[in-house]
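So this block is work.cif, mmCIF, C-alpha atoms:
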```cif
data_target
loop_
_atom_site.group_PDB
_atom_site.id
_atom_site.type_symbol
_atom_site.label_atom_id
_atom_site.label_comp_id
_atom_site.auth_asym_id
_atom_site.auth_seq_id
_atom_site.Cartn_x
_atom_site.Cartn_y
_atom_site.Cartn_z
ATOM 1 C CA MET A 1 0.000 0.000 0.000
ATOM 2 C CA LYS A 2 0.986 3.613 -0.506
ATOM 3 C CA LEU A 3 0.093 6.562 1.706
ATOM 4 C CA GLY A 4 -1.406 9.610 0.025
ATOM 5 C CA VAL A 5 -3.604 12.649 0.564
ATOM 6 C CA PHE A 6 -6.724 14.233 -0.890
ATOM 7 C CA THR A 7 -5.054 17.468 -1.958
ATOM 8 C CA VAL A 8 -7.994 19.856 -1.531
ATOM 9 C CA LEU A 9 -6.690 20.668 1.956
ATOM 10 C CA TYR A 10 -3.892 22.642 0.237
ATOM 11 C CA GLN A 11 -6.112 24.482 -2.222
ATOM 12 C CA ASN A 12 -4.488 27.766 -1.109
ATOM 13 C CA LEU A 13 -1.237 26.554 -2.719
ATOM 14 C CA SER A 14 -0.512 26.442 -6.430
ATOM 15 C CA PHE A 15 -0.391 23.027 -8.096
ATOM 16 C CA GLU A 16 3.391 22.668 -7.995
ATOM 17 C CA GLU A 17 3.634 24.164 -4.494
ATOM 18 C CA MET A 18 1.103 21.562 -3.389
ATOM 19 C CA LEU A 19 3.152 18.765 -4.974
ATOM 20 C CA ASP A 20 6.279 19.954 -3.194
ATOM 21 C CA LYS A 21 4.365 20.102 0.088
ATOM 22 C CA VAL A 22 3.095 16.561 -0.342
ATOM 23 C CA VAL A 23 6.611 15.269 -0.996
ATOM 24 C CA GLU A 24 7.940 17.241 1.983
ATOM 25 C CA MET A 25 5.326 15.548 4.184
ATOM 26 C CA GLY A 26 6.632 12.131 3.112
ATOM 27 C CA LEU A 27 3.627 11.035 1.038
ATOM 28 C CA GLU A 28 3.637 8.891 -2.091
ATOM 29 C CA ALA A 29 0.281 9.554 -3.774
ATOM 30 C CA ILE A 30 -2.229 12.280 -4.510
ATOM 31 C CA GLU A 31 -5.988 12.225 -4.917
ATOM 32 C CA LEU A 32 -7.086 15.226 -6.973
ATOM 33 C CA GLY A 33 -10.380 17.072 -6.598
ATOM 34 C CA THR A 34 -11.936 17.800 -9.994
ATOM 35 C CA GLY A 35 -15.198 19.544 -8.941
ATOM 36 C CA TYR A 36 -18.129 20.049 -8.071
ATOM 37 C CA TYR A 37 -17.997 20.408 -4.275
ATOM 38 C CA PRO A 38 -14.184 20.122 -3.826
ATOM 39 C CA GLY A 39 -13.491 22.747 -6.470
ATOM 40 C CA GLN A 40 -10.726 22.560 -9.075
ATOM 41 C CA ALA A 41 -7.804 24.323 -7.411
ATOM 42 C CA HIS A 42 -5.308 21.672 -8.525
ATOM 43 C CA CYS A 43 -7.127 19.979 -11.382
ATOM 44 C CA ASN A 44 -9.415 21.606 -13.934
ATOM 45 C CA PRO A 45 -10.315 18.740 -16.276
ATOM 46 C CA ARG A 46 -11.851 20.859 -19.022
ATOM 47 C CA HIS A 47 -8.854 23.187 -19.180
ATOM 48 C CA LEU A 48 -6.324 20.349 -19.227
ATOM 49 C CA LEU A 49 -8.253 18.471 -21.901
ATOM 50 C CA GLU A 50 -8.303 21.570 -24.106
ATOM 51 C CA HIS A 51 -4.565 22.273 -23.644
ATOM 52 C CA PRO A 52 -2.532 19.120 -24.424
ATOM 53 C CA LYS A 53 0.849 20.760 -23.759
ATOM 54 C CA GLU A 54 -0.271 21.846 -20.297
ATOM 55 C CA LEU A 55 -1.609 18.354 -19.672
ATOM 56 C CA GLU A 56 1.771 16.861 -20.569
ATOM 57 C CA ALA A 57 3.565 19.282 -18.248
ATOM 58 C CA TYR A 58 1.007 18.457 -15.557
ATOM 59 C CA LYS A 59 1.810 14.744 -15.788
ATOM 60 C CA LYS A 60 5.547 15.376 -15.751
ATOM 61 C CA ALA A 61 5.268 17.557 -12.649
ATOM 62 C CA ILE A 62 3.675 14.644 -10.798
ATOM 63 C CA GLU A 63 5.951 11.919 -12.157
ATOM 64 C CA SER A 64 9.159 13.902 -11.614
ATOM 65 C CA ARG A 65 8.420 13.999 -7.883
ATOM 66 C CA GLY A 66 7.883 10.263 -7.674
ATOM 67 C CA LEU A 67 4.158 10.645 -6.976
ATOM 68 C CA VAL A 68 1.229 8.661 -8.352
ATOM 69 C CA ILE A 69 -2.423 9.651 -8.722
ATOM 70 C CA SER A 70 -4.598 7.372 -6.589
ATOM 71 C CA GLY A 71 -7.832 8.681 -8.084
ATOM 72 C CA LEU A 72 -9.650 11.670 -9.519
ATOM 73 C CA SER A 73 -12.446 12.844 -7.256
ATOM 74 C CA PHE A 74 -15.571 14.395 -8.661
ATOM 75 C CA HIS A 75 -17.912 15.136 -5.754
ATOM 76 C CA GLY A 76 -21.318 16.366 -6.857
ATOM 77 C CA ASN A 77 -24.957 15.360 -7.221
ATOM 78 C CA PRO A 78 -25.830 14.654 -10.856
ATOM 79 C CA LEU A 79 -29.243 13.406 -9.703
ATOM 80 C CA HIS A 80 -30.163 16.718 -8.055
ATOM 81 C CA PRO A 81 -33.727 17.847 -8.869
ATOM 82 C CA ASN A 82 -32.375 21.355 -9.521
ATOM 83 C CA LYS A 83 -31.463 20.963 -13.179
ATOM 84 C CA SER A 84 -28.643 23.527 -13.111
ATOM 85 C CA ILE A 85 -26.934 21.734 -10.193
ATOM 86 C CA ALA A 86 -27.503 18.341 -11.812
ATOM 87 C CA GLU A 87 -26.080 19.494 -15.146
ATOM 88 C CA ALA A 88 -23.005 21.109 -13.563
ATOM 89 C CA SER A 89 -22.367 17.916 -11.582
ATOM 90 C CA HIS A 90 -22.921 15.757 -14.656
ATOM 91 C CA GLN A 91 -20.491 17.759 -16.764
ATOM 92 C CA SER A 92 -17.935 17.683 -13.952
ATOM 93 C CA TRP A 93 -18.284 13.901 -13.764
ATOM 94 C CA ARG A 94 -17.907 13.408 -17.515
ATOM 95 C CA ASP A 95 -14.942 15.789 -17.785
ATOM 96 C CA THR A 96 -13.310 13.884 -14.931
ATOM 97 C CA VAL A 97 -13.792 10.574 -16.736
ATOM 98 C CA ARG A 98 -12.327 12.008 -19.950
ATOM 99 C CA LEU A 99 -9.317 13.326 -18.041
ATOM 100 C CA ALA A 100 -8.861 10.008 -16.222
ATOM 101 C CA LYS A 101 -8.409 8.368 -19.616
ATOM 102 C CA GLU A 102 -5.680 10.858 -20.567
ATOM 103 C CA LEU A 103 -3.918 10.467 -17.213
ATOM 104 C CA GLU A 104 -4.330 6.668 -17.280
ATOM 105 C CA VAL A 105 -6.108 6.731 -13.918
ATOM 106 C CA GLU A 106 -8.415 3.750 -13.412
ATOM 107 C CA VAL A 107 -10.369 5.055 -10.420
ATOM 108 C CA VAL A 108 -12.824 7.941 -10.361
ATOM 109 C CA ASN A 109 -14.220 8.720 -6.918
ATOM 110 C CA GLY A 110 -17.560 10.399 -6.297
ATOM 111 C CA PHE A 111 -20.974 10.321 -4.699
ATOM 112 C CA SER A 112 -24.001 8.381 -5.910
ATOM 113 C CA GLY A 113 -26.151 11.502 -5.695
ATOM 114 C CA CYS A 114 -29.690 11.826 -4.394
ATOM 115 C CA PRO A 115 -32.848 12.768 -6.326
ATOM 116 C CA GLY A 116 -35.902 14.553 -5.024
ATOM 117 C CA ASP A 117 -39.123 12.742 -4.165
ATOM 118 C CA HIS A 118 -40.917 13.241 -7.518
ATOM 119 C CA PRO A 119 -40.161 14.705 -10.980
ATOM 120 C CA GLY A 120 -41.133 18.226 -9.946
ATOM 121 C CA ALA A 121 -39.127 18.361 -6.698
ATOM 122 C CA LYS A 122 -36.826 21.279 -5.840
ATOM 123 C CA TYR A 123 -34.498 19.634 -3.308
ATOM 124 C CA PRO A 124 -33.014 16.165 -2.722
ATOM 125 C CA ASN A 125 -34.902 13.859 -0.361
ATOM 126 C CA TRP A 126 -32.724 11.400 1.557
ATOM 127 C CA VAL A 127 -35.036 8.721 2.942
ATOM 128 C CA THR A 128 -33.968 7.391 6.346
ATOM 129 C CA CYS A 129 -37.009 5.451 7.570
ATOM 130 C CA ALA A 130 -39.542 2.897 6.317
ATOM 131 C CA TRP A 131 -42.738 4.495 7.635
ATOM 132 C CA PRO A 132 -45.063 6.267 6.883
ATOM 133 C CA PRO A 133 -45.497 4.176 3.708
ATOM 134 C CA GLU A 134 -44.927 7.043 1.258
ATOM 135 C CA TYR A 135 -41.221 6.842 2.084
ATOM 136 C CA GLN A 136 -41.102 3.382 0.527
ATOM 137 C CA GLU A 137 -42.802 4.809 -2.566
ATOM 138 C CA ILE A 138 -40.187 7.564 -2.747
ATOM 139 C CA LEU A 139 -37.357 5.046 -2.512
ATOM 140 C CA GLU A 140 -38.838 2.867 -5.239
ATOM 141 C CA TRP A 141 -39.203 5.868 -7.554
ATOM 142 C CA GLN A 142 -35.723 7.191 -6.793
ATOM 143 C CA TRP A 143 -33.923 3.910 -7.415
ATOM 144 C CA ASN A 144 -35.921 2.539 -10.346
ATOM 145 C CA GLU A 145 -36.639 5.749 -12.240
ATOM 146 C CA VAL A 146 -33.563 7.865 -11.534
ATOM 147 C CA VAL A 147 -30.573 6.271 -9.782
ATOM 148 C CA ILE A 148 -30.192 2.966 -11.612
ATOM 149 C CA PRO A 149 -30.933 4.295 -15.132
ATOM 150 C CA TYR A 150 -28.481 7.180 -14.703
ATOM 151 C CA TRP A 151 -25.577 5.103 -13.415
ATOM 152 C CA ARG A 152 -26.138 2.320 -15.932
ATOM 153 C CA GLU A 153 -25.660 4.858 -18.692
ATOM 154 C CA GLU A 154 -22.686 6.513 -17.008
ATOM 155 C CA ALA A 155 -20.997 3.181 -16.323
ATOM 156 C CA LYS A 156 -21.084 2.586 -20.092
ATOM 157 C CA PHE A 157 -19.586 6.032 -20.679
ATOM 158 C CA ALA A 158 -16.839 5.360 -18.139
ATOM 159 C CA LYS A 159 -16.037 1.976 -19.684
ATOM 160 C CA GLU A 160 -15.740 3.558 -23.143
ATOM 161 C CA HIS A 161 -13.127 5.917 -21.675
ATOM 162 C CA GLY A 162 -11.091 3.253 -19.901
ATOM 163 C CA VAL A 163 -12.330 3.967 -16.370
ATOM 164 C CA LYS A 164 -12.664 0.529 -14.825
ATOM 165 C CA LYS A 165 -13.624 1.624 -11.321
ATOM 166 C CA ILE A 166 -16.308 4.071 -10.184
ATOM 167 C CA ALA A 167 -15.745 4.418 -6.438
ATOM 168 C CA PHE A 168 -18.592 5.846 -4.397
ATOM 169 C CA GLU A 169 -18.031 7.277 -0.951
ATOM 170 C CA MET A 170 -20.794 5.902 1.256
ATOM 171 C CA HIS A 171 -22.032 9.273 2.436
ATOM 172 C CA PRO A 172 -25.283 9.981 4.299
ATOM 173 C CA GLY A 173 -27.438 12.404 2.340
ATOM 174 C CA PHE A 174 -26.969 10.336 -0.826
ATOM 175 C CA VAL A 175 -28.694 7.112 -1.840
ATOM 176 C CA VAL A 176 -25.461 5.120 -1.372
ATOM 177 C CA TYR A 177 -24.558 5.597 2.289
ATOM 178 C CA ASN A 178 -23.675 2.117 3.627
ATOM 179 C CA PRO A 179 -22.459 -1.258 2.294
ATOM 180 C CA GLU A 180 -25.992 -2.515 1.620
ATOM 181 C CA THR A 181 -26.919 0.432 -0.611
ATOM 182 C CA LEU A 182 -23.528 0.332 -2.350
ATOM 183 C CA LEU A 183 -23.980 -3.349 -3.194
ATOM 184 C CA LYS A 184 -27.569 -2.695 -4.293
ATOM 185 C CA LEU A 185 -26.292 -0.260 -6.919
ATOM 186 C CA ARG A 186 -23.435 -2.593 -7.848
ATOM 187 C CA ASP A 187 -25.895 -5.462 -8.370
ATOM 188 C CA ALA A 188 -28.044 -3.265 -10.621
ATOM 189 C CA VAL A 189 -25.256 -1.621 -12.638
ATOM 190 C CA GLY A 190 -22.279 -3.970 -12.608
ATOM 191 C CA GLU A 191 -18.838 -4.579 -11.153
ATOM 192 C CA GLN A 192 -17.574 -1.142 -12.210
ATOM 193 C CA ILE A 193 -19.351 0.155 -9.100
ATOM 194 C CA GLY A 194 -17.409 -0.076 -5.844
ATOM 195 C CA ALA A 195 -16.431 1.887 -2.759
ATOM 196 C CA ASN A 196 -14.178 4.762 -1.979
ATOM 197 C CA TYR A 197 -14.099 3.336 1.523
ATOM 198 C CA ASP A 198 -14.202 6.173 4.074
ATOM 199 C CA PRO A 199 -14.725 4.917 7.644
ATOM 200 C CA SER A 200 -15.488 8.377 9.029
ATOM 201 C CA HIS A 201 -19.081 8.321 7.726
ATOM 202 C CA LEU A 202 -19.559 4.743 8.851
ATOM 203 C CA PHE A 203 -18.278 5.201 12.408
ATOM 204 C CA TRP A 204 -21.134 7.511 13.371
ATOM 205 C CA GLN A 205 -23.740 5.283 11.749
ATOM 206 C CA GLY A 206 -22.664 2.484 14.084
ATOM 207 C CA ILE A 207 -21.036 0.430 11.318
ATOM 208 C CA ASP A 208 -18.051 -1.718 12.287
ATOM 209 C CA PRO A 209 -15.170 -0.923 9.913
ATOM 210 C CA VAL A 210 -13.582 -4.368 10.035
ATOM 211 C CA GLU A 211 -16.855 -6.193 9.351
ATOM 212 C CA SER A 212 -17.867 -3.787 6.586
ATOM 213 C CA ILE A 213 -14.451 -4.094 4.904
ATOM 214 C CA LYS A 214 -14.776 -7.878 5.103
ATOM 215 C CA LYS A 215 -18.256 -7.716 3.528
ATOM 216 C CA LEU A 216 -17.236 -5.397 0.687
ATOM 217 C CA GLY A 217 -13.897 -7.150 0.247
ATOM 218 C CA LYS A 218 -15.581 -10.487 -0.421
ATOM 219 C CA GLU A 219 -17.340 -8.774 -3.320
ATOM 220 C CA LYS A 220 -14.054 -7.201 -4.551
ATOM 221 C CA ALA A 221 -15.859 -3.887 -4.164
ATOM 222 C CA ILE A 222 -13.227 -1.694 -2.453
ATOM 223 C CA PHE A 223 -11.517 0.468 -5.094
ATOM 224 C CA HIS A 224 -10.039 3.328 -3.047
ATOM 225 C CA VAL A 225 -9.704 4.158 0.659
ATOM 226 C CA HIS A 226 -9.928 7.393 2.627
ATOM 227 C CA ALA A 227 -8.332 7.797 6.042
ATOM 228 C CA LYS A 228 -10.466 10.137 8.117
ATOM 229 C CA ASP A 229 -11.568 9.700 11.712
ATOM 230 C CA THR A 230 -14.695 10.579 13.683
ATOM 231 C CA PHE A 231 -15.020 11.358 17.373
ATOM 232 C CA LEU A 232 -18.272 10.065 18.872
ATOM 233 C CA ASP A 233 -19.494 12.179 21.790
ATOM 234 C CA GLN A 234 -21.221 9.485 23.835
ATOM 235 C CA ALA A 235 -22.821 11.963 26.256
ATOM 236 C CA ASN A 236 -24.614 13.755 23.410
ATOM 237 C CA ILE A 237 -25.422 10.477 21.663
ATOM 238 C CA ARG A 238 -27.080 9.099 24.804
ATOM 239 C CA VAL A 239 -29.458 12.059 24.791
ATOM 240 C CA ASN A 240 -30.116 12.697 21.080
ATOM 241 C CA GLY A 241 -28.760 9.768 19.064
ATOM 242 C CA VAL A 242 -26.402 10.016 16.095
ATOM 243 C CA LEU A 243 -28.467 11.950 13.555
ATOM 244 C CA ASP A 244 -27.253 15.522 13.901
ATOM 245 C CA THR A 245 -27.924 18.606 11.790
ATOM 246 C CA LYS A 246 -25.996 21.101 13.921
ATOM 247 C CA HIS A 247 -23.152 22.912 12.168
ATOM 248 C CA TYR A 248 -19.780 21.182 12.325
ATOM 249 C CA SER A 249 -18.378 24.114 14.308
ATOM 250 C CA GLN A 250 -20.625 23.267 17.292
ATOM 251 C CA VAL A 251 -18.199 20.596 18.429
ATOM 252 C CA ALA A 252 -19.251 20.531 22.092
ATOM 253 C CA ASP A 253 -22.918 20.031 21.215
ATOM 254 C CA ARG A 254 -22.735 17.583 18.335
ATOM 255 C CA ALA A 255 -23.106 13.795 18.485
ATOM 256 C CA TRP A 256 -19.999 13.363 16.352
ATOM 257 C CA THR A 257 -17.164 15.378 14.819
ATOM 258 C CA PHE A 258 -14.650 14.657 12.074
ATOM 259 C CA ARG A 259 -11.116 14.366 13.449
ATOM 260 C CA SER A 260 -7.590 13.666 12.300
ATOM 261 C CA VAL A 261 -6.717 9.970 12.248
ATOM 262 C CA GLY A 262 -6.126 8.771 15.810
ATOM 263 C CA TYR A 263 -8.232 11.447 17.493
ATOM 264 C CA GLY A 264 -11.535 9.614 17.127
ATOM 265 C CA HIS A 265 -10.322 6.036 17.362
ATOM 266 C CA GLY A 266 -7.034 4.717 18.642
ATOM 267 C CA GLU A 267 -4.147 3.145 16.793
ATOM 268 C CA LYS A 268 -5.473 -0.403 17.384
ATOM 269 C CA VAL A 269 -8.647 0.403 15.423
ATOM 270 C CA TRP A 270 -6.604 1.723 12.509
ATOM 271 C CA LYS A 271 -4.279 -1.290 12.628
ATOM 272 C CA ASP A 272 -7.357 -3.517 12.425
ATOM 273 C CA ILE A 273 -8.654 -1.528 9.438
ATOM 274 C CA ILE A 274 -5.330 -1.732 7.598
ATOM 275 C CA SER A 275 -4.995 -5.436 8.411
ATOM 276 C CA MET A 276 -8.464 -6.294 7.111
ATOM 277 C CA LEU A 277 -7.807 -4.310 3.941
ATOM 278 C CA ARG A 278 -4.766 -6.538 3.415
ATOM 279 C CA VAL A 279 -6.827 -9.662 4.168
ATOM 280 C CA VAL A 280 -9.333 -8.786 1.398
ATOM 281 C CA GLY A 281 -6.554 -8.007 -1.071
ATOM 282 C CA TYR A 282 -6.604 -4.209 -1.167
ATOM 283 C CA ASP A 283 -3.164 -2.974 -2.195
ATOM 284 C CA HIS A 284 -3.803 0.521 -3.528
ATOM 285 C CA VAL A 285 -3.547 3.878 -1.705
ATOM 286 C CA ILE A 286 -4.683 5.009 1.727
ATOM 287 C CA SER A 287 -5.615 8.632 1.021
ATOM 288 C CA ILE A 288 -5.782 10.956 4.027
ATOM 289 C CA GLU A 289 -8.693 13.389 4.053
ATOM 290 C CA HIS A 290 -8.248 16.209 6.557
ATOM 291 C CA GLU A 291 -11.422 17.794 7.970
ATOM 292 C CA ASP A 292 -10.530 18.509 11.601
ATOM 293 C CA MET A 293 -11.878 21.667 13.245
ATOM 294 C CA LEU A 294 -9.400 21.339 16.115
ATOM 295 C CA ALA A 295 -6.122 20.981 14.218
ATOM 296 C CA SER A 296 -4.209 23.071 11.721
ATOM 297 C CA ILE A 297 -3.826 21.527 8.285
ATOM 298 C CA ASP A 298 -0.111 20.771 8.641
ATOM 299 C CA GLU A 299 -0.322 19.469 12.186
ATOM 300 C CA GLY A 300 -3.475 17.421 11.619
ATOM 301 C CA LEU A 301 -2.032 15.880 8.475
ATOM 302 C CA SER A 302 1.349 15.229 10.121
ATOM 303 C CA LYS A 303 -0.259 13.366 13.014
ATOM 304 C CA ALA A 304 -2.355 11.284 10.620
ATOM 305 C CA ILE A 305 0.737 10.424 8.574
ATOM 306 C CA SER A 306 2.689 9.426 11.674
ATOM 307 C CA LEU A 307 -0.037 7.113 12.982
ATOM 308 C CA LEU A 308 -0.807 5.516 9.625
ATOM 309 C CA LYS A 309 2.849 4.878 8.793
ATOM 310 C CA ASN A 310 3.055 2.969 12.051
ATOM 311 C CA CYS A 311 0.001 0.909 11.024
ATOM 312 C CA MET A 312 0.748 0.169 7.378
ATOM 313 C CA PHE A 313 2.690 -2.733 5.916
ATOM 314 C CA LYS A 314 5.175 -1.837 3.167
ATOM 315 C CA GLU A 315 6.511 -5.323 2.442
ATOM 316 C CA GLN A 316 4.762 -8.419 1.158
ATOM 317 C CA PRO A 317 3.872 -11.041 3.792
ATOM 318 C CA ALA A 318 6.468 -13.711 4.544
ATOM 319 C CA GLU A 319 5.954 -17.342 3.620
ATOM 320 C CA MET A 320 4.023 -19.225 6.278
ATOM 321 C CA TRP A 321 7.133 -20.957 7.641
ATOM 322 C CA TRP A 322 5.447 -21.850 10.927
ATOM 323 C CA ALA A 323 2.667 -24.050 9.472
#
```

Full structure transcribed into C-alpha cells:
Amino acid sequence: MKLGVFTVLYQNLSFEEMLDKVVEMGLEAIELGTGYYPGQAHCNPRHLLEHPKELEAYKKAIESRGLVISGLSFHGNPLHPNKSIAEASHQSWRDTVRLAKELEVEVVNGFSGCPGDHPGAKYPNWVTCAWPPEYQEILEWQWNEVVIPYWREEAKFAKEHGVKKIAFEMHPGFVVYNPETLLKLRDAVGEQIGANYDPSHLFWQGIDPVESIKKLGKEKAIFHVHAKDTFLDQANIRVNGVLDTKHYSQVADRAWTFRSVGYGHGEKVWKDIISMLRVVGYDHVISIEHEDMLASIDEGLSKAISLLKNCMFKEQPAEMWWA
C-alpha cells in the first residue's frame, strides 16, 4: 500500500507548491479534486483536456516527484432535482472521466447523488425510515426511475473511456450511504461500481469498519480508501442519538465530529482496518482526508501520517514458515 492525501486541503497553494508540500510531508500519492464540491484548485479537467501541452507538463510535474495519482475525485450530485446543479455535476463527472483516460487513472471517486421525491421536486430527499409508507414509494421511484438508469448509462460512458472503477463514498445524504446500498447499486449496474471506503461516515452510523471491509472485500468492491476519523461524543449520543444537523463548528454540542486519524479512534482500530484491507486483497492507496476543526492543516495531516505509517505494511507477507 501507498500513503497519500486528498489534496484539496492545500487548495491555497498552487499546483506545484502543493506537490512539493506533499513530498515534503513524506507522502507517495495524490488524490485530486476535480469539482463540483471540492473545487478545481489543482485539477481543472476541461482546461487540461483543451490544452494538451499543459496536460503533458502536468503529468511530468507529478511523475518527476515520484508521486502517483490514486484517483480523480468528482464530488457532486448529478441526480439533483435542480437541473442547473444536476447538469453542472454531470459535466464535472464526464470531464473527470475524460481526463482520467488521458492520465491513465483507473479510479474515479464520487458520490451516488440523491434525487428529489418526484419529478417536480426542488431539493433532494434522503429517505432514512420505512414508515409512513410514502417513504417506501419515494425510494422505489428514486432507485428505479432515476438512480439505476443514470448510473447504468454513465458506467457505459466510463467503460468507453477506460475507467474501470467508479468508487462511491458511502455518504449519508446520498442514496449510497452504507455497504448494503452500495452493493444494491453494484448489483443493478455492474462490477464497475465499488467503494471509496471512508470509515469516518460509517463510524457515526454504528457500522463496524472491520466487518464492513470484510463484507465489501468479499465482493471485490473496495476500489479506493480514505483515512479520516470521527469522534463520537457518547454523552450527546445518549441524549439525542447520532443523527445531527448542527453545524460542524458546534463541536461541544454535536453527536460526532470529524477528526484527524487517531483522534476519534485509537491506533489499534486503525491497525485492524489496515490489516483487514490486506486480508481482502486491497493494495492501492490510503488517502488521508483532513477535515478537523481542532487541528491546523499541517499538524493534523502530520499526526495522521505518523499514525498511519506505524500501522501500514510496506513489504509483502512472509511465507508461512510456521505451518

Suppose a student applies the PyMOL selection byres ((chain A and resi 296-299) around 12) to this structure; what residues should they get, written as a PDB file with C-alpha atoms, in the frame of the given file?
```pdb
ATOM      1  CA  VAL A   5      -3.604  12.649   0.564  1.00  0.00           C
ATOM      2  CA  THR A   7      -5.054  17.468  -1.958  1.00  0.00           C
ATOM      3  CA  VAL A   8      -7.994  19.856  -1.531  1.00  0.00           C
ATOM      4  CA  LEU A   9      -6.690  20.668   1.956  1.00  0.00           C
ATOM      5  CA  TYR A  10      -3.892  22.642   0.237  1.00  0.00           C
ATOM      6  CA  GLN A  11      -6.112  24.482  -2.222  1.00  0.00           C
ATOM      7  CA  ASN A  12      -4.488  27.766  -1.109  1.00  0.00           C
ATOM      8  CA  LYS A  21       4.365  20.102   0.088  1.00  0.00           C
ATOM      9  CA  VAL A  22       3.095  16.561  -0.342  1.00  0.00           C
ATOM     10  CA  GLU A  24       7.940  17.241   1.983  1.00  0.00           C
ATOM     11  CA  MET A  25       5.326  15.548   4.184  1.00  0.00           C
ATOM     12  CA  ARG A 259     -11.116  14.366  13.449  1.00  0.00           C
ATOM     13  CA  SER A 260      -7.590  13.666  12.300  1.00  0.00           C
ATOM     14  CA  VAL A 261      -6.717   9.970  12.248  1.00  0.00           C
ATOM     15  CA  ILE A 288      -5.782  10.956   4.027  1.00  0.00           C
ATOM     16  CA  GLU A 289      -8.693  13.389   4.053  1.00  0.00           C
ATOM     17  CA  HIS A 290      -8.248  16.209   6.557  1.00  0.00           C
ATOM     18  CA  GLU A 291     -11.422  17.794   7.970  1.00  0.00           C
ATOM     19  CA  ASP A 292     -10.530  18.509  11.601  1.00  0.00           C
ATOM     20  CA  MET A 293     -11.878  21.667  13.245  1.00  0.00           C
ATOM     21  CA  LEU A 294      -9.400  21.339  16.115  1.00  0.00           C
ATOM     22  CA  ALA A 295      -6.122  20.981  14.218  1.00  0.00           C
ATOM     23  CA  GLY A 300      -3.475  17.421  11.619  1.00  0.00           C
ATOM     24  CA  LEU A 301      -2.032  15.880   8.475  1.00  0.00           C
ATOM     25  CA  SER A 302       1.349  15.229  10.121  1.00  0.00           C
ATOM     26  CA  LYS A 303      -0.259  13.366  13.014  1.00  0.00           C
ATOM     27  CA  ALA A 304      -2.355  11.284  10.620  1.00  0.00           C
ATOM     28  CA  ILE A 305       0.737  10.424   8.574  1.00  0.00           C
ATOM     29  CA  SER A 306       2.689   9.426  11.674  1.00  0.00           C
TER      30      SER A 306
END
```

Original post:
Can you list, as a count of residues only, the residues that the PyMOL selection byres ((chain A and resi 257) around 7) selects here?
Top reply: 9

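Closest approach to Ser89 in chain A among A:Gly194, A:Pro52, A:Gly35, A:Gly26: A:Gly35, based on only C-alpha atoms.
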
Original post:
Just how far from CA of Glu169 in chain A is CA of Lys214 in chain A, in Å to one decimal?
Top reply: 16.6 Å

**OP:** Taking the file as shown, find all residues satisfying the PyMOL selection byres ((chain A and resi 163) around 10) and write them as a PyMOL selection string.
**Re:** chain A and resi 97-101+104-108+155-162+164-166+192

Original post:
Which residue, A:His75, A:Lys218, A:Lys309, A:His201, has the smallest gap to Pro172 in chain A when you use all atoms listed in the file?
Top reply: A:His201

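Going from CA of Val175 in chain A over to CA of Ser287 in chain A, you cover 23.3 Å.
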
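For the set A:Leu202, A:Tyr36, A:Ala235, A:Lys122, the residue with the smallest atom-to-atom gap to Asp253 in chain A is A:Ala235, counting all atoms listed in the file.
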
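Remark: for Pro115 in chain A, the closest of the candidate residues A:Asn77, A:Asn178, A:Asn44, A:Thr34 is A:Asn77 (distances computed over only C-alpha atoms).
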
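Of the listed residues A:Trp322, A:Leu79, A:Phe203, A:Gly173, the one whose atoms come nearest to Thr245 in chain A is A:Gly173, with distances taken using all atoms listed in the file.
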
**OP:** Show which residues sit within 12 Å of Tyr150 in chain A, as a PyMOL selection string. Count all atoms listed in the file, and ignore same-chain residues fewer than 6 positions away.
**Re:** chain A and resi 77-80+86+90+112-115+142-144+156-157+185+188-189

Exercise: Asp198 in chain A partners within 12 Å, all atoms listed in the file, chain neighbours under 6 positions left out, as a short mmCIF file (atom, residue, chain, number, x, y, z; two decimals) with C-alpha atoms, in the coordinates of the input:
```
data_model
loop_
_atom_site.label_atom_id
_atom_site.label_comp_id
_atom_site.auth_asym_id
_atom_site.auth_seq_id
_atom_site.Cartn_x
_atom_site.Cartn_y
_atom_site.Cartn_z
CA ASN A 109 -14.22 8.72 -6.92
CA GLY A 110 -17.56 10.40 -6.30
CA PHE A 111 -20.97 10.32 -4.70
CA ALA A 167 -15.74 4.42 -6.44
CA PHE A 168 -18.59 5.85 -4.40
CA GLU A 169 -18.03 7.28 -0.95
CA MET A 170 -20.79 5.90 1.26
CA HIS A 171 -22.03 9.27 2.44
CA PRO A 172 -25.28 9.98 4.30
CA TYR A 177 -24.56 5.60 2.29
CA ASN A 178 -23.68 2.12 3.63
CA PRO A 179 -22.46 -1.26 2.29
CA TRP A 204 -21.13 7.51 13.37
CA ILE A 207 -21.04 0.43 11.32
CA PRO A 209 -15.17 -0.92 9.91
CA SER A 212 -17.87 -3.79 6.59
CA ILE A 213 -14.45 -4.09 4.90
CA ILE A 222 -13.23 -1.69 -2.45
CA PHE A 223 -11.52 0.47 -5.09
CA HIS A 224 -10.04 3.33 -3.05
CA VAL A 225 -9.70 4.16 0.66
CA HIS A 226 -9.93 7.39 2.63
CA ALA A 227 -8.33 7.80 6.04
CA LYS A 228 -10.47 10.14 8.12
CA ASP A 229 -11.57 9.70 11.71
CA THR A 230 -14.70 10.58 13.68
CA PHE A 258 -14.65 14.66 12.07
CA VAL A 261 -6.72 9.97 12.25
CA ILE A 273 -8.65 -1.53 9.44
CA ILE A 286 -4.68 5.01 1.73
CA SER A 287 -5.62 8.63 1.02
CA ILE A 288 -5.78 10.96 4.03
CA GLU A 289 -8.69 13.39 4.05
CA HIS A 290 -8.25 16.21 6.56
#
```

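The two atoms in question, CA of Ala29 in chain A and CA of Leu3 in chain A, are spaced 6.2 Å apart.
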
Original post:
Do you know which residues are at most 12 Å from Thr128 in chain A counting only C-alpha atoms, after dropping those on the same chain fewer than 2 positions away, and could you put them as a ChimeraX atom specification?
Top reply: /A:125-126,130-132,135-136,138-139,172-178,205,243

Original post:
From the list A:Ile62, A:Gly206, A:Tyr263, A:Ala318, which residue is nearest Gly241 in chain A when using all atoms listed in the file?
Top reply: A:Gly206

**OP:** List the residues sitting within 10 Å of (-1.3, -0.5, 9.4) in the file's frame, using all atoms listed in the file, as a ChimeraX atom specification.
**Re:** /A:1,267-278,307-314
